[in-house]
Amino acid sequence: MTVHELIRSSAADMAAKLAAGDITSVELVQAHLDRIAAVDGGERGVNAFLHVNAEEALAVAADVDARRAAGEELHELAGVPIAVKDLIVTKGQPTTAGSKILEGWMSPYDATVVKKLRAARMPILGKTNLDEFAMGSSTEHSAYGPTRNPWDLDRIPGGSGGGSAAAVAAFEAPLALGTDTGGSIRQPGAVTGTVGVKPTYGAVSRYGAIAMASSLDQIGPVSRTVLDSALLQEVIGGHDPQDSTSLTDPSTGLADAARLGNVAGMKIGIIKELHGEGYQAGVENRFNESLELLRGAGAEIVEVSCPNFGYALGAYYLIMPSEASSNLAKFDGVRFGMRALPAEGPLTIERVMAATRAAGFGDEVKRRIILGTYALSAGYYDAYYGSAQKVRTLIQRDFAAAFEQVDVLISPTAPTTAFKLGEKLNDPLAMYLNDVATIPANMAGVPGLTLPGGLADEDGLPVGIQLLAPAREDARLYRVGAVLESLLEAQWGGPILDRAPSLAETPAVEPVETQGTAATAAAKEAN
Amino acid sequence: MAAINRGQVAHLAQLAHIEMSDDELDRMAKELAVIVDSVKSVSEAAGADVPATSHPIPLTNVMREDVVGHVLTAEEALSGAPDSADGRFKVPAILEES
């Protein structure tokens, strides 16, 4: 197996090859940088990356190789590269949040999860694209152009974390970090045929994730296999004194759960309200197939009802913009980011602030700030924000009642497969409906995982299966997810991404000037 | 619940410190009316006896010793500012001269 073939394997396999001395981390990182150079840029490129961190990634890789050669005991994932969603702050690389207002901004500190990646000596390949401030379900709201879905370059990769999901699906990185406020890890995972997990609220520190809606936001892993997400959550999870909502539970036992390999006797609940009407036929078919496989593996499948989930989307679109309007008040043209001056009139701070925010924020961000300001206004607060918080209680009660009957819940992750770029851009409400199945987990703080469930018959595009567990029971997701994954892969004869079309590899820059460079070499090898 | 209108959007934009053109206000008012209409049902979902939940996992306040922890240096804190002078953020005029 050449190192260029190795980029298609799992992070766990890469780690094993590194530990065995079959490959070096420098080779592995270079292979991924070559792949990024070959498929990410250009007019029809995937555009998963906003910044590529080649020099630092190679330096970290070389350091890992030297330490390993010296016999040092290293973390299991040491030397395995990773991409980081550009909502998470990193020293030494720009952090933009996909917004013009932070173009070129360099954070003076690392997010806790980034510190943990560095402590595990995982080379950071770069920063991935997202909807501006993570507001969207398609990455089309990025100020730096949309990411394309590797399964069909004319379709959306989901959002907001479309960059992280597409990078992993296109073999530009084996692992990535995402953030999930209403589905931003899981919905992109569903439409790109990859795995993504929103951990229990507080299981992973949010320190250094640029806040959208603080009571809903959660950082989590993005990968191609269930085990890889478990390994990554173990790296990034655990208590952080710098995040006062961080749980004190240890981040252990997740990979063991993924390796357990049985679901016999487990009770799995189908959520009555999260399938059927409004879900694409191909999504329903793949969902039903997964239920049959789990039943065949000895799980008991029952139906449960969560009657208040019907209000979740509406309540989410009150709570999230309310919190976002408050969190985004800090972008004032004074402390960080851009400053724009009003075209005419006196230069007072209020007018400079209004001009800066007008020029720096995109449409969707403005929409949500206005909506949140409205929902929090005197006279509307009780009817909107207050009611939405009550709905939150009802959703938590629905989950509590469901988990009295079953160990995990199951649903499709998204109601449809990937839609065309531009298709829903001018219809905010249609865009919001993509998150109908993922939002309840954020409202209740419970963990959720998506894994590929196959391809829809009508369009040949990936379908996601979502598993939900009670708060602090993330391990159950990995246990059931890994079993379902192995049953499905046995049926397909390999990973789902083997069936994705191969992307044309093109040198990112003028061929004359790149003679002999890695990018050209990779392009030649592919031809 | 009342529908959202253009005048309200203009007022909200002012409160949120976002300058908006006439076209933008027209468009935003139309889009927000649709969104607000679709979330209206939320106010009918729960009765008065249902308590509000502000946070997904109940937590008590977090305390720590009153000692200086890791903080940014003044230089680091100012490193991303559009304008600074003498170790401070530099802002435009606070008050309009009349």
# chains A, B, ... in the order shown; residues from 1 in each chain; ligands from 1
>>> closest_atom_pairs(of="chain A", to="chain B", cutoff="7 Å", atoms="only C-alpha atoms", output="CSV")
residue,atom,partner,partner_atom,distance
A:Trp105,CA,B:Gly80,CA,6.3
A:Met106,CA,B:Gly80,CA,6.7
A:Pro108,CA,B:Glu76,CA,5.6
A:Ser215,CA,B:His55,CA,5.6
A:Ser244,CA,B:Val62,CA,6.1
A:Tyr311,CA,B:Val42,CA,6.1
A:Gly314,CA,B:Val39,CA,4.3
A:Ala315,CA,B:Val42,CA,6.1
A:Gly333,CA,B:Pro82,CA,6.9
A:Val334,CA,B:Ala81,CA,6.0
A:Arg335,CA,B:Ala81,CA,4.7
A:Phe336,CA,B:Ala81,CA,4.3
A:Gly337,CA,B:Gly80,CA,6.3
A:Met338,CA,B:Pro82,CA,6.2
A:Arg339,CA,B:Pro82,CA,6.2
A:Leu347,CA,B:Pro92,CA,6.3
A:Thr348,CA,B:Ala93,CA,4.7
A:Ile349,CA,B:Pro92,CA,5.0
A:Met353,CA,B:His17,CA,6.3
A:Ala354,CA,B:Ile18,CA,4.4
A:Ala355,CA,B:Glu19,CA,5.7
A:Arg357,CA,B:Ile18,CA,5.4
A:Ala358,CA,B:Ile18,CA,5.2
A:Arg367,CA,B:Met28,CA,6.9
A:Ile370,CA,B:Leu12,CA,6.0
A:Thr373,CA,B:Leu12,CA,6.5
A:Tyr374,CA,B:Leu12,CA,6.7
A:Ala383,CA,B:Ser43,CA,5.5
A:Tyr384,CA,B:Ser43,CA,6.4
A:Gly386,CA,B:Ala52,CA,6.9
A:Ser387,CA,B:Ser43,CA,5.1
A:Ala388,CA,B:Val42,CA,6.2
A:Gln389,CA,B:Ala52,CA,4.8
A:Lys390,CA,B:Ala52,CA,4.2
A:Val391,CA,B:Ala46,CA,6.3
A:Arg392,CA,B:Thr53,CA,5.9
A:Thr393,CA,B:Thr53,CA,5.4
A:Leu429,CA,B:Ile35,CA,6.5
A:Met443,CA,B:Pro56,CA,6.6
A:Ala444,CA,B:Pro56,CA,5.1
A:Gly445,CA,B:Pro56,CA,4.8
>>> select_by_dssp(residues="chain B", states="alpha helix (DSSP H)", output="MDAnalysis selection string")
chainID B and resid 6:15 22:39 42:45 74:78
>>> write_last_selection(atoms="C-alpha atoms", output="short mmCIF file (atom, residue, chain, number, x, y, z; two decimals), in the first residue's frame")
data_model
loop_
_atom_site.label_atom_id
_atom_site.label_comp_id
_atom_site.auth_asym_id
_atom_site.auth_seq_id
_atom_site.Cartn_x
_atom_site.Cartn_y
_atom_site.Cartn_z
CA ARG B 6 -40.64 47.13 8.21
CA GLY B 7 -40.71 49.85 10.84
CA GLN B 8 -39.89 47.34 13.55
CA VAL B 9 -37.04 45.88 11.53
CA ALA B 10 -35.57 49.37 11.10
CA HIS B 11 -35.78 49.92 14.85
CA LEU B 12 -34.27 46.49 15.61
CA ALA B 13 -31.42 47.10 13.17
CA GLN B 14 -30.67 50.30 15.01
CA LEU B 15 -30.71 48.50 18.36
CA ASP B 22 -33.95 50.64 2.19
CA ASP B 23 -33.75 47.57 -0.05
CA GLU B 24 -32.25 45.53 2.73
CA LEU B 25 -35.00 46.59 5.15
CA ASP B 26 -37.69 45.64 2.63
CA ARG B 27 -36.19 42.22 2.04
CA MET B 28 -35.42 41.55 5.70
CA ALA B 29 -38.96 42.50 6.79
CA LYS B 30 -40.47 40.08 4.28
CA GLU B 31 -38.15 37.20 5.21
CA LEU B 32 -38.54 37.74 8.93
CA ALA B 33 -42.33 37.86 8.66
CA VAL B 34 -42.26 34.34 7.19
CA ILE B 35 -39.88 33.08 9.87
CA VAL B 36 -41.77 34.68 12.76
CA ASP B 37 -45.03 33.27 11.42
CA SER B 38 -43.54 29.78 11.36
CA VAL B 39 -42.34 29.92 14.98
CA VAL B 42 -44.23 27.83 20.12
CA SER B 43 -46.18 30.20 22.35
CA GLU B 44 -49.10 27.74 22.40
CA ALA B 45 -47.03 24.66 23.18
CA ALA B 74 -1.84 43.81 26.82
CA GLU B 75 0.07 43.28 23.59
CA GLU B 76 -1.78 40.02 22.85
CA ALA B 77 -5.14 41.58 23.69
CA LEU B 78 -4.49 44.49 21.34
#
>>> closest_residue(among="A:Asp22, A:Ile101, A:Pro250, A:Lys85", to="Asp332 of chain A", atoms="only C-alpha atoms")
A:Ile101
>>> select_by_dssp(residues="segment 24-170 of chain A", states="strand (DSSP E or B)", output="ChimeraX atom specification")
/A:49-52,82-85,88,94,106,124-128,149,152,155
>>> write_last_selection(atoms="N, CA and C atoms", output="PDB file, in the first residue's frame")
ATOM      1  N   PHE A  49     -10.992  23.816   2.578  1.00  0.00           N
ATOM      2  CA  PHE A  49     -10.031  24.515   3.439  1.00  0.00           C
ATOM      3  C   PHE A  49     -10.012  26.020   3.180  1.00  0.00           C
ATOM      4  N   LEU A  50     -10.021  26.779   4.273  1.00  0.00           N
ATOM      5  CA  LEU A  50      -9.833  28.227   4.171  1.00  0.00           C
ATOM      6  C   LEU A  50      -8.368  28.579   4.377  1.00  0.00           C
ATOM      7  N   HIS A  51      -7.642  27.718   5.059  1.00  0.00           N
ATOM      8  CA  HIS A  51      -6.220  27.945   5.294  1.00  0.00           C
ATOM      9  C   HIS A  51      -5.532  26.596   5.389  1.00  0.00           C
ATOM     10  N   VAL A  52      -4.393  26.444   4.726  1.00  0.00           N
ATOM     11  CA  VAL A  52      -3.616  25.212   4.819  1.00  0.00           C
ATOM     12  C   VAL A  52      -2.341  25.512   5.597  1.00  0.00           C
ATOM     13  N   ILE A  82      -5.033  16.157  11.282  1.00  0.00           N
ATOM     14  CA  ILE A  82      -6.422  16.532  11.533  1.00  0.00           C
ATOM     15  C   ILE A  82      -6.677  17.929  10.979  1.00  0.00           C
ATOM     16  N   ALA A  83      -7.921  18.187  10.597  1.00  0.00           N
ATOM     17  CA  ALA A  83      -8.340  19.527  10.153  1.00  0.00           C
ATOM     18  C   ALA A  83      -9.252  20.120  11.223  1.00  0.00           C
ATOM     19  N   VAL A  84      -9.264  21.437  11.335  1.00  0.00           N
ATOM     20  CA  VAL A  84     -10.028  22.103  12.398  1.00  0.00           C
ATOM     21  C   VAL A  84     -10.999  23.113  11.784  1.00  0.00           C
ATOM     22  N   LYS A  85     -12.263  23.007  12.174  1.00  0.00           N
ATOM     23  CA  LYS A  85     -13.271  23.956  11.691  1.00  0.00           C
ATOM     24  C   LYS A  85     -12.858  25.379  12.064  1.00  0.00           C
ATOM     25  N   ILE A  88     -13.046  27.508  15.442  1.00  0.00           N
ATOM     26  CA  ILE A  88     -12.273  27.159  16.639  1.00  0.00           C
ATOM     27  C   ILE A  88     -10.931  27.867  16.547  1.00  0.00           C
ATOM     28  N   PRO A  94      -4.813  31.910  10.861  1.00  0.00           N
ATOM     29  CA  PRO A  94      -5.971  32.795  10.968  1.00  0.00           C
ATOM     30  C   PRO A  94      -7.236  32.032  11.375  1.00  0.00           C
ATOM     31  N   MET A 106      -5.877  36.820  13.740  1.00  0.00           N
ATOM     32  CA  MET A 106      -5.031  35.812  14.376  1.00  0.00           C
ATOM     33  C   MET A 106      -5.380  35.767  15.862  1.00  0.00           C
ATOM     34  N   ILE A 124      -1.850  19.626  12.622  1.00  0.00           N
ATOM     35  CA  ILE A 124      -3.071  20.313  12.165  1.00  0.00           C
ATOM     36  C   ILE A 124      -2.881  20.752  10.717  1.00  0.00           C
ATOM     37  N   LEU A 125      -3.690  20.157   9.822  1.00  0.00           N
ATOM     38  CA  LEU A 125      -3.526  20.407   8.384  1.00  0.00           C
ATOM     39  C   LEU A 125      -4.009  21.793   7.975  1.00  0.00           C
ATOM     40  N   GLY A 126      -4.994  22.325   8.694  1.00  0.00           N
ATOM     41  CA  GLY A 126      -5.506  23.644   8.333  1.00  0.00           C
ATOM     42  C   GLY A 126      -6.886  23.860   8.905  1.00  0.00           C
ATOM     43  N   LYS A 127      -7.525  24.939   8.431  1.00  0.00           N
ATOM     44  CA  LYS A 127      -8.823  25.371   8.950  1.00  0.00           C
ATOM     45  C   LYS A 127      -9.891  25.167   7.871  1.00  0.00           C
ATOM     46  N   THR A 128     -11.028  24.608   8.284  1.00  0.00           N
ATOM     47  CA  THR A 128     -12.046  24.241   7.295  1.00  0.00           C
ATOM     48  C   THR A 128     -13.194  25.248   7.223  1.00  0.00           C
ATOM     49  N   ASN A 149     -19.760  19.306  -2.359  1.00  0.00           N
ATOM     50  CA  ASN A 149     -19.893  17.938  -1.866  1.00  0.00           C
ATOM     51  C   ASN A 149     -19.077  17.002  -2.752  1.00  0.00           C
ATOM     52  N   ASP A 152     -20.898  14.961  -5.391  1.00  0.00           N
ATOM     53  CA  ASP A 152     -21.413  15.676  -6.562  1.00  0.00           C
ATOM     54  C   ASP A 152     -21.057  17.142  -6.353  1.00  0.00           C
ATOM     55  N   ARG A 155     -23.448  19.982  -5.590  1.00  0.00           N
ATOM     56  CA  ARG A 155     -24.351  19.901  -4.443  1.00  0.00           C
ATOM     57  C   ARG A 155     -23.674  20.383  -3.153  1.00  0.00           C
TER      58      ARG A 155
END
>>> closest_residue(among="A:Gly298, A:Gly196, A:Gly422, A:Pro188", to="Asp228 of chain A", atoms="only C-alpha atoms")
A:Gly196
>>> atom_distance(atom1="atom CA of Ala264 of chain A", atom2="atom CA of Asp398 of chain A")
25.3 Å
>>> decode(residues="segment 63-92 of chain B", atoms="C-alpha atoms", output="PDB file, in the first residue's frame")
ATOM      1  CA  MET B  63     -16.215  28.848  41.960  1.00  0.00           C
ATOM      2  CA  ARG B  64     -12.450  29.113  42.084  1.00  0.00           C
ATOM      3  CA  GLU B  65      -9.771  30.698  44.241  1.00  0.00           C
ATOM      4  CA  ASP B  66      -9.456  34.460  43.725  1.00  0.00           C
ATOM      5  CA  VAL B  67      -6.003  34.340  42.173  1.00  0.00           C
ATOM      6  CA  VAL B  68      -4.739  35.616  38.832  1.00  0.00           C
ATOM      7  CA  GLY B  69      -4.998  32.838  36.269  1.00  0.00           C
ATOM      8  CA  HIS B  70      -3.714  32.746  32.734  1.00  0.00           C
ATOM      9  CA  VAL B  71      -4.500  36.082  31.113  1.00  0.00           C
ATOM     10  CA  LEU B  72      -3.517  37.687  27.833  1.00  0.00           C
ATOM     11  CA  THR B  73      -0.770  40.307  27.863  1.00  0.00           C
ATOM     12  CA  ALA B  74      -1.837  43.810  26.820  1.00  0.00           C
ATOM     13  CA  GLU B  75       0.071  43.277  23.592  1.00  0.00           C
ATOM     14  CA  GLU B  76      -1.781  40.025  22.853  1.00  0.00           C
ATOM     15  CA  ALA B  77      -5.141  41.577  23.687  1.00  0.00           C
ATOM     16  CA  LEU B  78      -4.489  44.489  21.339  1.00  0.00           C
ATOM     17  CA  SER B  79      -2.989  42.349  18.560  1.00  0.00           C
ATOM     18  CA  GLY B  80      -6.273  41.985  16.638  1.00  0.00           C
ATOM     19  CA  ALA B  81      -7.634  45.478  17.193  1.00  0.00           C
ATOM     20  CA  PRO B  82      -8.204  47.716  14.179  1.00  0.00           C
ATOM     21  CA  ASP B  83      -6.673  50.659  16.069  1.00  0.00           C
ATOM     22  CA  SER B  84      -4.742  51.080  19.301  1.00  0.00           C
ATOM     23  CA  ALA B  85      -2.452  53.588  20.984  1.00  0.00           C
ATOM     24  CA  ASP B  86      -0.448  53.681  24.219  1.00  0.00           C
ATOM     25  CA  GLY B  87      -1.435  50.123  25.147  1.00  0.00           C
ATOM     26  CA  ARG B  88      -5.142  50.819  24.787  1.00  0.00           C
ATOM     27  CA  PHE B  89      -7.930  50.255  22.244  1.00  0.00           C
ATOM     28  CA  LYS B  90      -8.455  53.433  20.250  1.00  0.00           C
ATOM     29  CA  VAL B  91     -12.107  54.196  19.510  1.00  0.00           C
ATOM     30  CA  PRO B  92     -13.828  56.881  17.424  1.00  0.00           C
TER      31      PRO B  92
END
